[in-house]
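Heads up: the structure comes next, in structure tokens.
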Amino acid sequence: NNYIHKKMKRISTLVIILAAAVMTVFGQTPADWAKLEKSVNFYVANDLGRNGYYDQKPIAELMGRMAETVGIECVAAPGDVHHFEGVRSTQDPLWMTNYELIYSHPELMLDWFPTCGNHEYRGNTQAVLDYSGVSARWNMPAKYYTKVLEDDGVTVRLVFIDTTPLIDKYRKDTEKYPDAGKEDMDKQLAWLDQTLAQANEDWVIVLGHHPVYAYTDKSDKERADMQKRLNPILLKHKNVAMYICGHIHNFQHIRKPGTDIDYVVNTSGSLSRENVQPVDGTQFCSGVSGFSLVCADKQTLSLHLIDKDGKVVYTVNHTK
């Protein structure tokens with residue numbers, strides 16, 4: 001009997017250890033996620049399309065499960081939904097293997113607001129726009145556009161910009177990025193200036209594919225062009241709370257001294273780059289894959305960086 005008792009005790013201990021391990025693997029619980037919810041909630045997911053491989057499918061499933069608990073309004077998708085050569089048409093099979101069959105959870109059947117990344121610019125960017133006429137949830141009225149989310153009297157303006165044409169590297173490479181040089185850069189920047197000048201919502205967030213500031217081994221010229229062309233407009237308008245981008249495939253939060261803007265790099269929803277280090281102004285960085293959940297009420301705009309196990313690894317809080 002004593003032997004059986006000891007054996008059962010060891011088994012019980014093992015069960016507890018295994019249960020704890022499972023909780024660690026799966027990160028936070030739906031009860032934890034529910035505490036994050038505010039009046040307006042939405043996802044940011046980018047650098048996705050790898051035919052479901054690497055972490056893409058598990059992260060897509062996680063996004064769906066979390067949306068069962070947190071009532072999200074939409075998914076903002078700032079670029080590179082399609083690796084590697086963009087799409088050729090609205091009937092390209094990549095629409096199925098990169099997007100439709102991956103983000104198939106019922107809770108993800110809501111508005112997706114995408115922009116083009118550099119990989120979309122390697123294909124047919126007009127097809128990315130035209131897919132809005134094929135899919136009820138793909139909402140991309142133009143290369144750059146703005147949307148207002150509103151719930152419980154809280155308003156959040158999302159300003160989606162088209163960053164690839166703002167960078168000389170892409171404009172000049174007409175063979176690899178045939179559509180980039182055709183875009184009127186000055187027209188877009190004038191539109192952004194006017195849009196931000198007129199915005200009077202509780203929160204204003206600008207989203208584009210390329211970073212203004214980030215640690216990366218990519219060419220410094222990319223960020224120099226963004227700092228020269230985009231950043232002066234962001235800094236001019238004191239209502240801009242955050243600039244959210246992708247492209248680098250890891251999480252980074254940068255706050256420059258003397259400014260009120262949170263510069264956030266959202267990681268890849270499929271394959272991350274683990275090599276990331278602090279730069280001037282870095283508040284946090286991590287090489288994990290995942291997505292972001294943005295939650296807003298009247299007083300606080302919270303951006304939760306969520307890893308592939310559903311754990312909040314860091315939160316950017318922007319307060320009034």
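If you're wondering about the labels, chains in the structure tokens are A, B, ... by order shown, residues count from 1 in each chain, ligands from 1 in order shown.
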Report as a Markdown table: every residue of stretch 236-301 of chain A with an atom at most 12 Å from stretch 153-166 of chain A, its closest pair of atoms, and their distance in Å to one decimal, counting only C-alpha atoms, with rows sorted by chain and ascending residue number.
| residue | atom | partner | partner_atom | distance |
| --- | --- | --- | --- | --- |
| A:Asn239 | CA | A:Arg157 | CA | 10.4 |
| A:Val240 | CA | A:Arg157 | CA | 9.7 |
| A:Ala241 | CA | A:Arg157 | CA | 10.4 |
| A:Met242 | CA | A:Leu158 | CA | 10.0 |
| A:Tyr243 | CA | A:Val159 | CA | 9.5 |
| A:Ile244 | CA | A:Phe160 | CA | 9.7 |
| A:Cys245 | CA | A:Thr163 | CA | 9.6 |
| A:Gly246 | CA | A:Thr163 | CA | 10.9 |
| A:His247 | CA | A:Thr163 | CA | 10.7 |
| A:Val294 | CA | A:Val156 | CA | 10.4 |
| A:Cys295 | CA | A:Val156 | CA | 9.9 |
| A:Ala296 | CA | A:Val154 | CA | 7.5 |
| A:Asp297 | CA | A:Val154 | CA | 6.0 |
| A:Lys298 | CA | A:Val154 | CA | 6.0 |
| A:Gln299 | CA | A:Val154 | CA | 9.6 |
| A:Thr300 | CA | A:Val154 | CA | 10.7 |
| A:Leu301 | CA | A:Val156 | CA | 9.4 |
Keeping only N, CA and C atoms, write those residues as a tab-separated table (two decimals), in the first residue's frame.
chain	number	residue	atom	x	y	z
A	239	ASN	N	-1.03	65.21	-32.70
A	239	ASN	CA	-2.05	64.21	-32.37
A	239	ASN	C	-1.62	62.78	-32.74
A	240	VAL	N	-0.48	62.61	-33.37
A	240	VAL	CA	-0.03	61.26	-33.75
A	240	VAL	C	0.54	60.55	-32.52
A	241	ALA	N	-0.14	59.47	-32.10
A	241	ALA	CA	0.30	58.74	-30.91
A	241	ALA	C	1.34	57.68	-31.26
A	242	MET	N	1.10	56.97	-32.37
A	242	MET	CA	1.98	55.86	-32.73
A	242	MET	C	2.21	55.80	-34.23
A	243	TYR	N	3.40	55.35	-34.60
A	243	TYR	CA	3.66	54.90	-35.96
A	243	TYR	C	4.00	53.41	-35.87
A	244	ILE	N	3.16	52.58	-36.51
A	244	ILE	CA	3.32	51.12	-36.45
A	244	ILE	C	3.73	50.62	-37.83
A	245	CYS	N	4.77	49.77	-37.86
A	245	CYS	CA	5.26	49.24	-39.13
A	245	CYS	C	5.62	47.76	-38.97
A	246	GLY	N	6.15	47.19	-40.03
A	246	GLY	CA	6.61	45.81	-40.01
A	246	GLY	C	8.00	45.74	-40.62
A	247	HIS	N	8.18	44.85	-41.61
A	247	HIS	CA	9.36	44.78	-42.46
A	247	HIS	C	10.58	44.12	-41.82
A	294	VAL	N	-4.12	45.96	-30.23
A	294	VAL	CA	-4.22	47.37	-29.84
A	294	VAL	C	-5.57	47.59	-29.18
A	295	CYS	N	-5.57	48.19	-27.98
A	295	CYS	CA	-6.79	48.41	-27.21
A	295	CYS	C	-6.84	49.87	-26.76
A	296	ALA	N	-7.99	50.52	-26.94
A	296	ALA	CA	-8.08	51.94	-26.63
A	296	ALA	C	-9.34	52.28	-25.84
A	297	ASP	N	-9.16	53.14	-24.83
A	297	ASP	CA	-10.30	53.83	-24.22
A	297	ASP	C	-9.98	55.32	-24.26
A	298	LYS	N	-10.74	56.13	-23.56
A	298	LYS	CA	-10.55	57.59	-23.64
A	298	LYS	C	-9.19	58.04	-23.12
A	299	GLN	N	-8.66	57.33	-22.12
A	299	GLN	CA	-7.45	57.77	-21.44
A	299	GLN	C	-6.17	57.09	-21.91
A	300	THR	N	-6.28	55.82	-22.35
A	300	THR	CA	-5.07	55.04	-22.63
A	300	THR	C	-5.18	54.28	-23.94
A	301	LEU	N	-4.12	54.34	-24.72
A	301	LEU	CA	-3.97	53.53	-25.93
A	301	LEU	C	-2.88	52.50	-25.61
- Message: Going by DSSP on the backbone, which residues of stretch 173-216 of chain A come out as strand (DSSP E or B)? List them as a ChimeraX atom specification.
- Response: /A:203-207
N, CA, C and O atoms of the current selection, written as a compact mmCIF listing (two decimals), in the first residue's frame:
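Saved the output as result_33.txt:
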# COMPACT_ATOMS: atom_id res chain seq x y z
N TRP A 203 -7.67 59.10 -30.65
CA TRP A 203 -6.33 58.58 -30.94
C TRP A 203 -6.09 58.55 -32.44
O TRP A 203 -7.00 58.23 -33.21
N VAL A 204 -4.88 58.88 -32.84
CA VAL A 204 -4.48 58.83 -34.25
C VAL A 204 -3.25 57.93 -34.36
O VAL A 204 -2.23 58.16 -33.69
N ILE A 205 -3.35 56.90 -35.21
CA ILE A 205 -2.25 55.95 -35.41
C ILE A 205 -1.94 55.90 -36.90
O ILE A 205 -2.85 55.74 -37.73
N VAL A 206 -0.68 56.06 -37.26
CA VAL A 206 -0.24 55.93 -38.65
C VAL A 206 0.41 54.56 -38.81
O VAL A 206 1.21 54.14 -37.96
N LEU A 207 0.04 53.85 -39.89
CA LEU A 207 0.59 52.51 -40.15
C LEU A 207 1.16 52.44 -41.55
O LEU A 207 0.51 52.86 -42.53
- Query: What lies within 9 Å of A:Leu192 using only C-alpha atoms, ignoring chain neighbours under 5 positions off, as a ChimeraX atom specification?
  - Reply: /A:144-145,159,161,187,197,233-234
- Message: Using only C-alpha atoms for the distances, tell me which of A:Arg137, A:Lys38, A:Lys218, A:His105 is nearest to A:Glu150.
- Response: A:Lys38
- Message: Excluding stretch 122-129 of chain A and its own-chain neighbours fewer than 4 positions away, which residues fall within 12 Å of it when counting only C-alpha atoms? Please give them as a ChimeraX atom specification.
- Response: /A:79-92,94-95,113-118,133-135,138-145,162,164-165,170-171,173-180,182-183
- Query: To one decimal place, how far is atom CA of A:Ser270 from atom CA of A:Leu48 in Å?
  - Reply: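 Taking atom CA of A:Ser270 as the start and atom CA of A:Leu48 as the end point, the length is 5.3 Å.
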- Task: Considering only C-alpha atoms, state which residue in the set A:Thr319, A:Gln227, A:Val148, A:Tyr213 is at the smallest distance from A:Val264.
- Result: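 Of the candidates, the smallest distance to A:Val264 is held by A:Tyr213.
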For stretch 273-282 of chain A: contacts at 8 Å, only C-alpha atoms, fewer than 4 positions along chain excluded, given as an mmCIF file with N, CA, C and O atoms, in the first residue's frame:
data_model
loop_
_atom_site.group_PDB
_atom_site.id
_atom_site.type_symbol
_atom_site.label_atom_id
_atom_site.label_comp_id
_atom_site.auth_asym_id
_atom_site.auth_seq_id
_atom_site.Cartn_x
_atom_site.Cartn_y
_atom_site.Cartn_z
ATOM 1 N N ALA A 214 14.702 51.696 -36.455
ATOM 2 C CA ALA A 214 14.724 50.270 -36.112
ATOM 3 C C ALA A 214 16.157 49.763 -36.137
ATOM 4 O O ALA A 214 17.004 50.304 -36.853
ATOM 5 N N TYR A 215 16.399 48.709 -35.355
ATOM 6 C CA TYR A 215 17.631 47.946 -35.525
ATOM 7 C C TYR A 215 17.408 46.951 -36.651
ATOM 8 O O TYR A 215 16.430 46.195 -36.648
ATOM 9 N N THR A 216 18.312 46.936 -37.627
ATOM 10 C CA THR A 216 18.212 45.993 -38.738
ATOM 11 C C THR A 216 19.525 45.997 -39.502
ATOM 12 O O THR A 216 20.259 46.989 -39.477
ATOM 13 N N ILE A 248 10.784 44.322 -40.496
ATOM 14 C CA ILE A 248 12.022 43.876 -39.867
ATOM 15 C C ILE A 248 11.870 42.480 -39.247
ATOM 16 O O ILE A 248 12.847 41.836 -38.903
ATOM 17 N N HIS A 249 10.647 42.021 -39.052
ATOM 18 C CA HIS A 249 10.363 40.658 -38.561
ATOM 19 C C HIS A 249 10.782 40.435 -37.107
ATOM 20 O O HIS A 249 11.176 39.334 -36.735
ATOM 21 N N ASN A 250 10.707 41.483 -36.293
ATOM 22 C CA ASN A 250 10.838 41.315 -34.847
ATOM 23 C C ASN A 250 10.154 42.502 -34.165
ATOM 24 O O ASN A 250 9.748 43.453 -34.820
ATOM 25 N N GLN A 252 10.004 45.779 -31.873
ATOM 26 C CA GLN A 252 10.826 46.873 -31.376
ATOM 27 C C GLN A 252 9.922 48.034 -30.983
ATOM 28 O O GLN A 252 8.971 48.359 -31.694
ATOM 29 N N HIS A 253 10.222 48.640 -29.840
ATOM 30 C CA HIS A 253 9.538 49.873 -29.420
ATOM 31 C C HIS A 253 10.601 50.936 -29.201
ATOM 32 O O HIS A 253 11.495 50.762 -28.366
ATOM 33 N N ILE A 254 10.478 52.015 -29.947
ATOM 34 C CA ILE A 254 11.478 53.090 -29.895
ATOM 35 C C ILE A 254 10.771 54.405 -29.566
ATOM 36 O O ILE A 254 9.737 54.733 -30.151
ATOM 37 N N ARG A 255 11.329 55.121 -28.600
ATOM 38 C CA ARG A 255 10.838 56.433 -28.203
ATOM 39 C C ARG A 255 12.005 57.402 -28.257
ATOM 40 O O ARG A 255 12.954 57.249 -27.501
ATOM 41 N N LYS A 256 11.986 58.335 -29.157
ATOM 42 C CA LYS A 256 13.078 59.294 -29.273
ATOM 43 C C LYS A 256 12.912 60.420 -28.246
ATOM 44 O O LYS A 256 11.798 60.914 -28.041
ATOM 45 N N PRO A 257 13.992 60.832 -27.592
ATOM 46 C CA PRO A 257 13.912 61.924 -26.608
ATOM 47 C C PRO A 257 13.294 63.174 -27.218
ATOM 48 O O PRO A 257 13.605 63.539 -28.366
ATOM 49 N N SER A 286 12.561 42.268 -29.144
ATOM 50 C CA SER A 286 12.504 40.815 -28.992
ATOM 51 C C SER A 286 12.418 40.177 -30.370
ATOM 52 O O SER A 286 11.728 40.686 -31.255
ATOM 53 N N GLY A 287 13.098 39.048 -30.511
ATOM 54 C CA GLY A 287 13.143 38.366 -31.806
ATOM 55 C C GLY A 287 12.087 37.290 -31.998
ATOM 56 O O GLY A 287 12.228 36.443 -32.882
ATOM 57 N N VAL A 288 11.017 37.313 -31.211
ATOM 58 C CA VAL A 288 9.970 36.294 -31.349
ATOM 59 C C VAL A 288 8.999 36.659 -32.471
ATOM 60 O O VAL A 288 8.883 37.822 -32.858
#
- Using only C-alpha atoms, which of A:Thr267, A:Ser219, A:Ser292, A:Asn317 sits nearest A:Leu305? A:Ser292
- Message: Just checking: using only C-alpha atoms, which residue out of A:Gly258, A:Gly52, A:Ala67, A:Asp217 ends up closest to A:Ala34?
- Response: A:Ala67
- Query: Could you name the residues that touch A:Ser104 at 10 Å or less, counting only C-alpha atoms, but leaving out those on the same chain fewer than 4 positions away, as a VMD selection string?
  - Reply: chain A and resid 57 60 to 61 64 99 to 100 108 to 109
Take the selection from the previous step and output its residues with C-alpha atoms, as a PDB file, in the first residue's frame.
ATOM      1  CA  LYS A  57      -0.663  28.700 -39.223  1.00  0.00           C
ATOM      2  CA  ALA A  60      -3.381  32.482 -37.310  1.00  0.00           C
ATOM      3  CA  GLU A  61      -5.159  29.947 -35.081  1.00  0.00           C
ATOM      4  CA  GLY A  64      -8.780  33.389 -33.949  1.00  0.00           C
ATOM      5  CA  TYR A  99      -4.400  34.209 -46.727  1.00  0.00           C
ATOM      6  CA  GLU A 100      -7.869  32.702 -47.128  1.00  0.00           C
ATOM      7  CA  LEU A 108     -11.254  36.493 -38.328  1.00  0.00           C
ATOM      8  CA  MET A 109     -14.063  36.883 -40.865  1.00  0.00           C
TER       9      MET A 109
END
